[in-house]
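Asker: Pasting final.txt below, which is compact mmCIF, C-alpha atoms.
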# COMPACT_ATOMS: atom_id res chain seq x y z
CA MET A 613 116.62 111.64 107.39
CA MET A 614 115.16 113.39 110.29
CA GLN A 615 113.19 112.28 113.13
CA THR A 616 109.70 113.35 113.53
CA PRO A 617 108.82 115.45 116.44
CA GLY A 618 108.79 113.48 119.54
CA VAL A 619 111.89 111.69 118.63
CA SER A 620 113.85 110.77 121.62
CA GLY A 621 116.92 111.16 119.62
CA MET A 622 117.38 107.48 119.50
CA VAL A 623 114.77 106.20 117.22
CA PRO A 624 114.58 107.50 113.82
CA MET A 625 110.97 107.37 113.44
CA GLN A 626 108.71 108.32 116.15
CA ALA A 627 105.17 109.10 116.18
CA ALA A 628 104.09 112.60 116.36
CA GLY A 629 104.55 114.27 119.56
CA GLY A 630 107.04 116.48 117.96
CA TYR A 631 109.04 114.12 115.92
CA PRO A 632 108.86 114.64 112.29
CA PRO A 633 107.42 111.81 110.43
CA GLY A 634 110.09 109.33 110.02
CA GLY A 635 112.01 111.18 112.57
CA PHE A 636 115.68 111.27 112.51
CA GLY A 637 117.54 108.20 112.52
CA ALA A 638 118.68 105.27 110.65
CA PRO A 639 117.20 104.47 107.32
CA PRO A 640 113.79 102.99 107.23
CA GLY A 641 113.70 99.44 108.13
CA GLY A 642 115.32 100.32 111.35
CA GLY A 643 118.62 98.85 111.85
CA PHE A 644 120.58 98.50 114.93
CA GLY A 645 121.77 101.67 116.29
CA ALA A 646 120.21 104.72 117.68
CA PRO A 647 118.87 107.19 115.29
CA PRO A 648 120.31 110.55 115.55
CA GLY A 649 118.12 112.76 117.50
CA GLY A 650 116.55 109.65 118.76
CA GLY A 651 113.38 108.07 117.78
CA PHE A 652 112.82 105.69 115.06
CA GLY A 653 114.15 107.51 112.23
CA GLY A 654 112.72 110.91 112.00
CA PRO A 655 109.37 110.79 110.60
CA PRO A 656 107.47 113.96 110.49
CA GLY A 657 107.05 115.34 113.86
CA GLY A 658 109.88 113.25 114.99
CA GLY A 659 112.45 115.10 113.18
CA PHE A 660 114.30 114.10 110.17
CA GLY A 661 117.71 113.20 111.04
CA PRO A 662 119.78 110.41 109.88
CA PRO A 663 117.73 108.08 107.80
CA PRO A 664 115.00 106.42 109.73
CA GLY A 665 115.92 103.17 111.06
CA GLY A 666 116.02 103.33 114.72
CA GLY A 667 116.68 99.89 115.78
CA PHE A 668 118.74 99.08 118.74
CA GLY A 669 120.83 101.80 120.06
CA PRO A 670 121.03 105.19 118.53
CA PRO A 671 120.76 104.71 114.87
CA PRO A 672 121.09 107.70 112.74
CA GLY A 673 117.57 108.42 112.07
CA GLY A 674 117.14 104.76 112.14
CA GLY A 675 113.95 103.02 112.30
CA PHE A 676 110.58 104.41 112.26
CA GLY A 677 111.35 107.84 113.39
CA PRO A 678 109.18 110.02 115.37
CA PRO A 679 106.08 111.21 113.88
CA PRO A 680 105.83 114.79 113.01
CA GLY A 681 104.67 117.06 115.68
CA GLY A 682 103.42 114.09 117.49
CA GLY A 683 100.09 113.77 119.00
CA PHE A 684 97.26 111.86 117.60
CA GLY A 685 93.98 110.84 118.70
CA PRO A 686 90.54 112.25 118.16
CA PRO A 687 88.42 113.24 121.06
CA PRO A 688 85.13 111.44 121.42
CA GLY A 689 82.77 112.57 118.78
CA ASN A 690 85.59 113.64 116.59
CA PRO A 691 84.62 113.41 112.95
CA TYR A 692 87.69 111.35 112.32
CA GLY A 693 86.81 109.29 115.28
CA GLY A 694 88.73 106.43 116.68
CA PRO A 695 88.75 103.15 114.88
CA PRO A 696 85.56 101.21 115.26
CA GLY A 697 85.88 98.72 117.99
CA GLY A 698 88.76 100.65 119.36
CA GLY A 699 91.28 99.22 116.97
CA MET A 700 94.20 97.61 118.63
CA MET A 701 94.56 99.67 121.72
CA MET A 702 92.84 102.27 123.81
CA GLY A 703 90.02 104.40 122.65
CA ALA A 704 90.01 107.91 121.25
CA GLY A 705 91.79 110.73 123.02
CA ARG A 706 92.52 114.37 122.26
CA VAL A 707 94.71 113.47 119.37
CA ASN A 708 93.86 111.13 116.55
CA TYR A 709 95.97 109.71 113.76
CA ALA A 710 93.92 108.57 110.80
CA GLY A 711 96.66 107.63 108.35
CA SER A 712 97.58 104.18 107.12
CA GLY A 713 100.71 102.40 106.11
CA GLY A 714 99.51 101.93 102.57
CA SER A 715 99.03 105.61 101.82
CA LEU A 716 102.20 106.49 103.69
CA PHE A 717 104.05 103.98 101.54
CA GLY A 718 102.94 105.88 98.46
CA VAL A 719 104.21 109.19 99.86
CA TYR A 720 107.46 107.56 100.95
CA LEU A 721 107.94 105.95 97.55
CA LEU A 722 107.12 108.96 95.41
CA SER A 723 108.67 111.68 97.56
CA LEU A 724 111.80 109.98 98.78
CA LEU A 725 112.75 106.57 97.54
CA LEU A 726 112.17 106.82 93.79
CA PRO A 727 113.69 110.31 93.39
CA MET A 728 116.71 109.22 95.44
CA ILE A 729 117.18 106.08 93.34
CA GLY A 730 116.73 108.08 90.15
CA VAL A 731 119.36 110.67 91.05
CA GLU A 732 121.82 108.03 92.15
CA LEU A 733 121.31 105.96 89.01
CA VAL A 734 121.72 108.95 86.71
CA ALA A 735 124.68 110.30 88.66
CA GLY A 736 126.32 106.92 88.76
CA ALA A 737 125.90 106.43 85.04
CA VAL A 738 127.26 109.88 84.22
CA ILE A 739 130.25 109.56 86.54
CA ALA A 740 131.02 106.07 85.23
CA GLY A 741 130.74 107.35 81.66
CA VAL A 742 133.11 110.22 82.33
CA ALA A 743 135.59 107.91 84.02
CA MET A 744 135.50 105.46 81.11
CA ALA A 745 135.76 108.19 78.48
CA THR A 746 138.77 109.80 80.13
CA ARG A 747 140.74 106.78 81.20
CA GLY A 748 144.29 106.46 80.07
CA ALA A 749 146.05 103.73 78.13
CA ASP A 750 146.56 101.76 81.34
CA GLY A 751 142.84 101.70 81.96
CA GLN A 752 143.10 103.93 85.03
CA PRO A 753 141.04 107.14 85.25
CA SER A 754 142.98 110.20 84.18
CA THR A 755 143.50 113.17 86.46
CA ALA A 756 141.12 115.26 84.40
CA GLY A 757 138.51 112.51 84.49
CA SER A 758 138.79 112.19 88.24
CA ALA A 759 138.46 115.95 88.61
CA VAL A 760 135.33 116.01 86.46
CA SER A 761 133.87 113.10 88.45
CA GLY A 762 134.59 114.98 91.65
CA LEU A 763 132.86 118.08 90.32
CA LEU A 764 129.87 115.98 89.33
CA MET A 765 129.64 114.74 92.90
CA LEU A 766 129.39 118.37 94.00
CA VAL A 767 126.21 118.54 91.93
CA VAL A 768 124.86 115.19 93.05
CA LEU A 769 125.22 115.75 96.78
CA PRO A 770 123.07 118.92 96.85
CA ALA A 771 120.53 117.09 94.69
CA ILE A 772 120.36 114.30 97.24
CA LEU A 773 120.02 116.83 100.04
CA PHE A 774 117.20 118.56 98.18
CA ILE A 775 115.39 115.26 97.68
CA ALA A 776 115.82 114.37 101.36
CA LEU A 777 114.39 117.73 102.43
CA ARG A 778 111.54 117.47 99.97
CA GLY A 779 110.79 113.95 101.12
CA ALA A 780 110.92 114.95 104.76
CA ASN A 781 108.57 117.84 104.09
CA ALA A 782 106.19 115.53 102.25
CA LEU A 783 106.17 113.10 105.17
CA LEU A 784 105.54 115.97 107.57
CA GLY A 785 102.67 117.10 105.37
CA TYR A 786 101.24 113.58 105.30
CA TYR A 787 101.50 113.19 109.03
CA TRP A 788 99.81 116.45 109.89
CA ALA A 789 97.15 115.97 107.23
CA ASN A 790 96.14 112.80 109.04
CA VAL A 791 96.21 114.20 112.55
CA SER A 792 93.33 115.82 114.31
CA ILE A 793 93.60 117.51 117.67
CA GLU A 794 90.47 117.88 119.75
CA GLY A 795 88.43 117.17 116.67
CA LYS A 796 90.15 119.85 114.61
CA ARG A 797 92.02 119.00 111.48
CA CYS A 798 95.65 120.02 111.23
CA THR A 799 97.36 121.56 108.23
CA TYR A 800 101.10 121.65 107.71
CA GLN A 801 102.27 124.71 105.79
CA GLY A 802 106.00 124.18 105.81
CA THR A 803 108.24 124.07 102.76
CA PRO A 804 111.52 122.27 102.00
CA GLY A 805 113.31 125.62 101.97
CA GLY A 806 111.87 126.60 105.32
CA LEU A 807 112.83 123.26 106.75
CA PHE A 808 116.36 123.67 105.48
CA SER A 809 116.65 127.14 106.98
CA ALA A 810 115.36 125.91 110.31
CA ILE A 811 117.62 122.91 110.70
CA PHE A 812 120.78 123.67 108.72
CA VAL A 813 122.74 125.36 111.48
CA PRO A 814 121.41 123.10 114.26
CA LEU A 815 122.32 120.08 112.13
CA ILE A 816 125.87 121.36 111.70
CA LEU A 817 126.10 121.89 115.44
CA LEU A 818 124.68 118.43 116.02
CA TYR A 819 127.43 116.79 114.00
CA CYS A 820 130.14 119.06 115.38
CA THR A 821 129.18 118.15 118.94
CA LEU A 822 128.98 114.44 118.07
CA GLY A 823 125.29 114.36 118.90
CA ILE A 824 125.35 116.17 122.23
CA TYR A 825 123.46 119.07 120.66
CA THR A 826 120.56 116.70 119.89
CA PRO A 827 118.11 118.01 122.55
CA TRP A 828 118.52 121.58 121.28
CA PHE A 829 118.25 120.39 117.71
CA LEU A 830 115.00 118.59 118.50
CA THR A 831 113.67 121.68 120.27
CA LYS A 832 114.43 123.90 117.29
CA PHE A 833 113.00 121.39 114.88
CA LYS A 834 109.85 121.00 116.88
CA GLY A 835 109.53 124.76 117.16
CA TYR A 836 109.72 125.09 113.39
CA VAL A 837 107.20 122.31 112.74
CA TYR A 838 104.75 123.67 115.27
CA SER A 839 105.05 127.13 113.74
CA GLN A 840 103.96 125.64 110.42
CA VAL A 841 101.00 123.64 111.75
CA ASP A 842 97.60 125.24 111.78
CA VAL A 843 94.92 123.59 113.91
CA GLN A 844 91.94 125.41 112.46
CA GLY A 845 93.14 128.77 113.65
CA GLU A 846 95.00 127.54 116.71
CA ARG A 847 98.70 126.84 117.11
CA LEU A 848 100.67 124.30 119.05
CA GLN A 849 103.20 125.57 121.55
CA TYR A 850 106.24 123.73 122.74
CA ASN A 851 107.47 124.86 126.14
CA GLY A 852 110.41 122.51 126.49
CA ASP A 853 114.03 123.47 126.04
CA GLY A 854 117.21 121.69 125.16
CA ALA A 855 118.78 122.05 128.58
CA SER A 856 115.97 120.30 130.45
CA LEU A 857 115.63 117.69 127.69
CA LEU A 858 119.34 116.94 127.82
CA GLY A 859 119.09 114.85 130.98
CA VAL A 860 116.21 112.73 129.71
CA TRP A 861 117.84 112.21 126.35
CA LEU A 862 121.33 111.54 127.67
CA LEU A 863 120.20 109.03 130.28
CA GLY A 864 118.04 107.24 127.75
CA SER A 865 120.81 107.13 125.18
CA ILE A 866 123.38 105.81 127.62
CA LEU A 867 121.11 103.15 129.07
CA THR A 868 119.94 102.11 125.63
CA GLY A 869 123.53 101.72 124.50
CA ILE A 870 124.52 99.76 127.60
CA THR A 871 121.55 97.40 127.25
CA CYS A 872 122.11 96.93 123.50
CA GLY A 873 118.82 98.64 122.74
CA ILE A 874 116.59 96.81 125.20
CA TYR A 875 116.05 99.96 127.27
CA PHE A 876 114.87 101.86 124.22
CA PRO A 877 111.10 101.51 124.87
CA TRP A 878 111.52 103.12 128.28
CA ALA A 879 113.77 105.83 126.92
CA HIS A 880 111.36 106.52 124.09
CA ASN A 881 108.42 106.73 126.47
CA ASN A 882 110.35 109.15 128.66
CA MET A 883 111.10 111.33 125.67
CA LEU A 884 107.50 111.27 124.48
CA GLU A 885 106.31 112.12 127.98
CA TYR A 886 108.68 115.08 128.16
CA GLU A 887 107.66 116.33 124.74
CA TRP A 888 103.93 115.99 125.13
CA ASN A 889 103.89 117.29 128.69
CA ASN A 890 105.61 120.41 127.34
CA THR A 891 103.19 120.82 124.45
CA SER A 892 99.99 122.77 124.61
CA ILE A 893 97.41 124.18 122.28
CA SER A 894 96.08 127.64 123.13
CA GLY A 895 97.22 127.12 126.69
CA ARG A 896 95.64 123.67 127.06
CA PRO A 897 98.42 121.22 127.92
CA PHE A 898 98.72 117.66 126.76
CA ARG A 899 99.66 114.67 128.87
CA PHE A 900 101.32 111.51 127.66
CA GLN A 901 100.51 108.20 129.34
CA LYS A 902 103.64 106.12 129.38
CA ASP A 903 103.35 102.45 128.53
CA PRO A 904 106.84 101.08 127.87
CA GLY A 905 105.69 97.51 128.33
CA GLY A 906 103.02 97.81 125.68
CA PHE A 907 105.40 99.74 123.42
CA PHE A 908 108.19 97.18 123.71
CA GLY A 909 106.53 94.34 121.85
CA MET A 910 105.01 96.54 119.16
CA TRP A 911 108.30 98.33 118.55
CA LEU A 912 110.29 95.12 118.36
CA LEU A 913 107.85 93.47 115.98
CA ASN A 914 107.65 96.58 113.80
CA MET A 915 111.40 96.81 113.66
CA ALA A 916 111.92 93.11 112.96
CA LEU A 917 109.34 93.18 110.19
CA SER A 918 110.87 96.31 108.68
CA MET A 919 114.31 94.76 108.65
CA CYS A 920 113.18 91.39 107.37
CA THR A 921 111.23 92.92 104.51
CA GLY A 922 114.17 95.03 103.34
CA GLY A 923 112.51 98.20 104.64
CA ILE A 924 109.25 97.70 102.72
CA TYR A 925 107.20 97.40 105.91
CA THR A 926 108.62 100.62 107.33
CA PRO A 927 105.66 102.89 106.40
CA TRP A 928 103.26 100.50 108.12
CA ALA A 929 105.53 100.37 111.13
CA MET A 930 105.67 104.17 111.23
CA SER A 931 101.89 104.34 111.01
CA ASN A 932 101.53 101.83 113.84
CA MET A 933 103.88 103.86 116.02
CA TRP A 934 102.10 107.11 115.30
CA ASP A 935 98.75 105.53 116.02
CA TRP A 936 100.08 104.08 119.28
CA GLU A 937 101.42 107.44 120.32
CA ALA A 938 98.17 109.21 119.52
CA LYS A 939 96.21 106.80 121.67
CA HIS A 940 98.38 107.58 124.69
CA ILE A 941 97.85 111.32 124.68
CA SER A 942 95.28 112.87 126.93
CA MET B 989 79.68 88.55 118.04
CA ALA B 990 81.35 91.77 117.07
CA PRO B 991 80.19 93.69 114.00
CA LEU B 992 82.12 92.93 110.80
CA ALA B 993 83.57 96.43 110.68
CA VAL B 994 84.95 95.98 114.19
CA VAL B 995 86.45 92.60 113.34
CA ARG B 996 88.06 94.08 110.22
CA GLN B 997 89.43 97.00 112.22
CA ARG B 998 90.87 94.70 114.87
CA LEU B 999 92.54 92.32 112.42
CA ALA B 1000 93.60 94.91 109.82
CA PRO B 1001 97.14 95.37 111.24
CA LEU B 1002 97.86 91.70 110.54
CA VAL B 1003 97.26 91.99 106.81
CA PRO B 1004 100.18 94.15 105.57
CA PRO B 1005 102.96 92.10 107.21
CA ALA B 1006 101.32 88.86 106.06
CA VAL B 1007 101.03 90.05 102.46
CA ILE B 1008 104.53 91.57 102.33
CA CYS B 1009 106.15 88.50 103.88
CA ALA B 1010 104.20 86.19 101.58
CA LEU B 1011 105.40 88.11 98.52
CA LEU B 1012 108.98 88.28 99.77
CA ALA B 1013 108.91 84.51 100.37
CA LEU B 1014 109.03 84.21 96.58
CA VAL B 1015 112.41 85.99 96.52
CA PRO B 1016 115.13 83.33 96.45
CA THR B 1017 117.62 85.31 98.54
CA SER B 1018 117.43 86.86 101.97
CA THR B 1019 115.67 90.22 102.15
CA CYS B 1020 116.68 90.94 105.74
CA LEU B 1021 118.69 94.14 106.00
CA VAL B 1022 120.52 92.92 109.11
CA LYS B 1023 121.45 89.61 107.51
CA ILE B 1024 122.62 91.33 104.33
CA ALA B 1025 124.64 93.96 106.18
CA THR B 1026 126.15 91.90 109.00
CA GLY B 1027 125.65 88.26 108.11
CA LEU B 1028 123.88 87.78 111.45
CA PRO B 1029 120.19 86.90 111.68
CA CYS B 1030 117.70 89.40 113.05
CA PRO B 1031 115.11 88.34 115.66
CA ALA B 1032 112.57 87.44 112.99
CA CYS B 1033 114.86 85.69 110.52
CA GLY B 1034 113.44 82.30 109.61
CA MET B 1035 109.84 83.11 110.56
CA THR B 1036 108.52 82.99 107.00
CA ARG B 1037 110.23 79.69 106.25
CA ALA B 1038 109.14 78.29 109.59
CA SER B 1039 105.56 79.35 108.84
CA LEU B 1040 105.70 77.65 105.44
CA ARG B 1041 106.99 74.45 107.05
CA LEU B 1042 104.17 74.65 109.57
CA LEU B 1043 101.66 74.96 106.76
CA ARG B 1044 103.14 71.82 105.21
CA GLY B 1045 102.75 70.00 108.53
CA ASP B 1046 106.46 69.84 109.30
CA LEU B 1047 106.27 70.77 112.97
CA ALA B 1048 109.81 69.74 113.86
CA GLY B 1049 111.22 71.63 110.90
CA SER B 1050 109.17 74.68 111.77
CA LEU B 1051 110.41 74.73 115.37
CA ALA B 1052 114.00 74.26 114.23
CA MET B 1053 113.72 77.15 111.75
CA HIS B 1054 112.13 79.49 114.28
CA PRO B 1055 110.62 78.45 117.63
CA LEU B 1056 108.04 81.23 117.60
CA ALA B 1057 106.31 80.26 114.34
CA LEU B 1058 103.90 77.85 116.04
CA PRO B 1059 103.10 80.19 118.95
CA SER B 1060 102.58 82.99 116.41
CA ALA B 1061 100.12 80.87 114.47
CA LEU B 1062 98.26 80.05 117.67
CA ALA B 1063 98.25 83.72 118.69
CA VAL B 1064 96.88 84.78 115.31
CA GLY B 1065 94.18 82.13 115.66
CA ALA B 1066 93.31 83.38 119.12
CA ALA B 1067 93.26 86.95 117.83
CA CYS B 1068 90.82 85.99 115.09
CA VAL B 1069 88.53 84.28 117.58
CA LEU B 1070 88.65 87.13 120.08
CA ALA B 1071 88.24 89.77 117.38
CA ALA B 1072 85.10 88.06 116.19
CA THR B 1073 83.58 87.24 119.56
CA LEU B 1074 84.41 90.15 121.87
CA PRO B 1075 81.86 92.94 121.74
CA GLU B 1076 82.89 96.37 120.48
CA HIS B 1077 84.93 98.40 123.04
CA HIS B 1078 85.43 95.33 125.24
CA PRO B 1079 88.56 95.94 127.39
CA ALA B 1080 89.71 92.33 127.01
CA TRP B 1081 90.73 93.03 123.40
CA ASP B 1082 93.12 95.81 124.38
CA ARG B 1083 94.49 93.67 127.19
CA PHE B 1084 95.01 90.72 124.84
CA VAL B 1085 96.82 92.86 122.27
CA ARG B 1086 99.01 94.53 124.84
CA GLY B 1087 99.84 91.27 126.60
CA ALA B 1088 100.54 89.44 123.36
CA LEU B 1089 102.84 92.19 122.11
CA MET B 1090 104.75 92.25 125.40
CA LEU B 1091 105.12 88.47 125.45
CA TYR B 1092 106.27 88.41 121.85
CA GLY B 1093 108.76 91.15 122.47
CA VAL B 1094 110.37 89.16 125.24
CA ALA B 1095 110.12 85.86 123.38
CA PHE B 1096 111.73 87.29 120.25
CA VAL B 1097 114.66 88.65 122.23
CA ILE B 1098 115.16 85.31 123.99
CA ALA B 1099 114.92 83.33 120.74
CA TRP B 1100 117.31 85.72 119.03
CA ALA B 1101 119.84 85.46 121.86
CA ALA B 1102 119.57 81.68 121.72
CA ARG B 1103 120.22 81.70 117.98
CA LEU B 1104 123.21 84.03 118.27
CA HIS B 1105 124.65 81.74 120.96
CA GLY B 1106 124.25 78.72 118.70
CA TRP B 1107 121.56 77.03 120.77
CA LEU B 1108 119.27 77.07 117.72
CA PRO B 1109 120.13 75.92 114.20
CA PRO B 1110 121.43 78.71 111.95
CA VAL B 1111 119.15 80.31 109.35
Step by step, read the file and then write its structure as structure tokens.
Answerer:
Amino acid sequence: MMQTPGVSGMVPMQAAGGYPPGGFGAPPGGGFGAPPGGGFGGPPGGGFGPPPGGGFGPPPGGGFGPPPGGGFGPPPGNPYGGPPGGGMMMGAGRVNYAGSGGSLFGVYLLSLLLPMIGVELVAGAVIAGVAMATRGADGQPSTAGSAVSGLLMLVVLPAILFIALRGANALLGYYWANVSIEGKRCTYQGTPGGLFSAIFVPLILLYCTLGIYTPWFLTKFKGYVYSQVDVQGERLQYNGDGASLLGVWLLGSILTGITCGIYFPWAHNNMLEYEWNNTSISGRPFRFQKDPGGFFGMWLLNMALSMCTGGIYTPWAMSNMWDWEAKHIS
Amino acid sequence: MAPLAVVRQRLAPLVPPAVICALLALVPTSTCLVKIATGLPCPACGMTRASLRLLRGDLAGSLAMHPLALPSALAVGAACVLAATLPEHHPAWDRFVRGALMLYGVAFVIAWAARLHGWLPPV
């Protein structure tokens, strides 16, 4: 899974701000470990990296991932408005996230979880059938049977990759469909094929460099997502680069690892600040208001609930994170 | 008193975790990914059972299962009262939410560390 834009490379799923929904990171439900590319998992905007999961440390896509593109929050008077009564946190800003965990759960279920389970069930049944049909007198799989099973895996793995890309694209689409910037609705026009083209080589480099390439990967991913987002005729621009992000990401990753994940809220806020402060729309820059203290409790509760519910709560956790992020953008 | 829509908006985030945890309480085995994968409890392991014991009036049992079940119940009660009484856009609501989340974050980490060290009964 990827991390949504805004992923700090440590949490799989991060709210917008450049992290693909779900972000990159450990599988949903968090987990302990830093998500690849940072952020809770890689929700749209946050990048889709290793399955969302986030959790403590750098889970592969772990956690909630960064939200796609990042940025939420409607300006005052925005038709999408802020929640009545101000919801849980601050009032409306330039970016507004209007999604909910319930609807996100549906997208997550239909676009990612069910297809993945279906492919694995069918593949498992076929491979088991072939193994049983070709086993020898001693009950052990024959050479031919093992070869056929291996070939079947060559079909299954691309299928899983296709489903992951399609699911990531669907989450990106959901995220951006529920984001408004300065009162203008956003539309995500990306495709699974485009996503694959944009991240295939950077992903290979990411794994070859054992994660060090993460800042450049996030930059390329964000660049692709932003190029596919239309804000009623305007486009988002990302002015950051991997080299300048490297320091922020590396320091955050190291300190998060040393503190067994406790430093993550501060690292995540630093990453979001870097991303949003390097994002603009038609030359108008954004600013992110850090609040690691406020983020800490929400993140921990979201993660604990996601883990305790076997990952079921993950879409709600992702939505909470995206909403929190949107409310801190000015 | 705050308008009903405002109260609903303020308390809405509490509903999904309550419903999901209530439904998962019917599952006879652990549903915690950390517990299943590592055998170790996560920071929130035991909260549902502790809450059920609290509902049955077993305070000692609730505290033994998870020390934050009672404070959580009190915090939810306080949230309901504040959500209903604070006027719309009142800054005290945001401050309460932020402060409560920060406190809970710290408290969960402390309780979890205590459990992993064996200072609390296993779950």
Asker: List the spatial neighbours of Val768 in chain A as a VMD selection string - criterion: any atom at most 10 Å away, only C-alpha atoms, same-chain residues fewer than 2 positions off excluded.
Answerer: chain A and resid 731 to 732 734 to 736 762 to 766 770 to 774
Asker: Could you give me, as a count of residues only, the residues that have an atom at most 10 Å away from the point (107.3, 78.8, 112.2) in the coordinates of the file, using all atoms listed in the file?
Answerer: 26
Asker: If we count only C-alpha atoms and set the cut-off at 10 Å, which residues sit around Cys1068 in chain B, ignoring sequence neighbours fewer than 4 positions away in its own chain? Please answer as number ranges by chain.
Answerer: B: 995-996, 998-999, 1062-1064, 1072-1073
Asker: Counting only C-alpha atoms, what are the residues of chain B within 6 Å of chain A, and for each of them which pair of atoms is the nearest and at what distance in Å, to one decimal? Sort the table by chain and rising number, as JSON lines.
Answerer:
{"residue": "B:Val994", "atom": "CA", "partner": "A:Gly697", "partner_atom": "CA", "distance": 4.8}
{"residue": "B:Gln997", "atom": "CA", "partner": "A:Gly699", "partner_atom": "CA", "distance": 5.6}
{"residue": "B:Arg998", "atom": "CA", "partner": "A:Gly699", "partner_atom": "CA", "distance": 5.0}
{"residue": "B:Thr1019", "atom": "CA", "partner": "A:Gly922", "partner_atom": "CA", "distance": 5.2}
{"residue": "B:Cys1020", "atom": "CA", "partner": "A:Cys920", "partner_atom": "CA", "distance": 3.9}
{"residue": "B:Leu1021", "atom": "CA", "partner": "A:Met919", "partner_atom": "CA", "distance": 5.2}
{"residue": "B:Ala1032", "atom": "CA", "partner": "A:Ala916", "partner_atom": "CA", "distance": 5.7}
{"residue": "B:Glu1076", "atom": "CA", "partner": "A:Gly697", "partner_atom": "CA", "distance": 4.5}
{"residue": "B:His1077", "atom": "CA", "partner": "A:Gly697", "partner_atom": "CA", "distance": 5.1}
{"residue": "B:Asp1082", "atom": "CA", "partner": "A:Met701", "partner_atom": "CA", "distance": 4.9}
{"residue": "B:Arg1086", "atom": "CA", "partner": "A:Gly906", "partner_atom": "CA", "distance": 5.2}
{"residue": "B:Leu1089", "atom": "CA", "partner": "A:Gly909", "partner_atom": "CA", "distance": 4.3}
{"residue": "B:Met1090", "atom": "CA", "partner": "A:Gly909", "partner_atom": "CA", "distance": 4.5}
{"residue": "B:Tyr1092", "atom": "CA", "partner": "A:Gly909", "partner_atom": "CA", "distance": 5.9}
{"residue": "B:Gly1093", "atom": "CA", "partner": "A:Gly909", "partner_atom": "CA", "distance": 3.9}
Asker: Choose the residue, out of B:Ala1066, B:Cys1033, B:Leu1104, B:Leu1012, that has the smallest atom-to-atom separation from Ala1088 in chain B; count all atoms listed in the file.
Answerer: B:Ala1066
Asker: Have range 1007-1020 of chain B completed to N, CA and C atoms, please, and pass it along as a short mmCIF file (atom, residue, chain, number, x, y, z; two decimals), keeping the file's coordinate frame.
Answerer:
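Result file follows (rebuild.cif):
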data_model
loop_
_atom_site.label_atom_id
_atom_site.label_comp_id
_atom_site.auth_asym_id
_atom_site.auth_seq_id
_atom_site.Cartn_x
_atom_site.Cartn_y
_atom_site.Cartn_z
N VAL B 1007 100.94 89.94 103.92
CA VAL B 1007 101.03 90.05 102.46
C VAL B 1007 102.48 90.30 102.03
N ILE B 1008 103.14 91.24 102.72
CA ILE B 1008 104.53 91.57 102.33
C ILE B 1008 105.43 90.37 102.50
N CYS B 1009 105.30 89.68 103.64
CA CYS B 1009 106.15 88.50 103.88
C CYS B 1009 105.83 87.38 102.90
N ALA B 1010 104.57 87.23 102.54
CA ALA B 1010 104.20 86.19 101.58
C ALA B 1010 104.83 86.48 100.22
N LEU B 1011 104.79 87.74 99.80
CA LEU B 1011 105.40 88.11 98.52
C LEU B 1011 106.92 87.97 98.56
N LEU B 1012 107.52 88.37 99.67
CA LEU B 1012 108.98 88.28 99.77
C LEU B 1012 109.45 86.83 99.89
N ALA B 1013 108.54 85.92 100.30
CA ALA B 1013 108.91 84.51 100.37
C ALA B 1013 109.23 83.97 98.98
N LEU B 1014 108.75 84.64 97.94
CA LEU B 1014 109.03 84.21 96.58
C LEU B 1014 110.44 84.62 96.13
N VAL B 1015 111.07 85.54 96.86
CA VAL B 1015 112.41 85.99 96.52
C VAL B 1015 113.40 84.91 96.97
N PRO B 1016 114.26 84.45 96.09
CA PRO B 1016 115.13 83.33 96.45
C PRO B 1016 116.24 83.67 97.45
N THR B 1017 116.55 84.94 97.60
CA THR B 1017 117.62 85.31 98.54
C THR B 1017 117.03 86.00 99.76
N SER B 1018 117.88 86.20 100.75
CA SER B 1018 117.43 86.86 101.97
C SER B 1018 117.12 88.33 101.69
N THR B 1019 116.05 88.81 102.30
CA THR B 1019 115.67 90.22 102.15
C THR B 1019 115.89 90.98 103.45
N CYS B 1020 116.48 90.31 104.44
CA CYS B 1020 116.68 90.94 105.74
C CYS B 1020 117.87 91.88 105.69
#
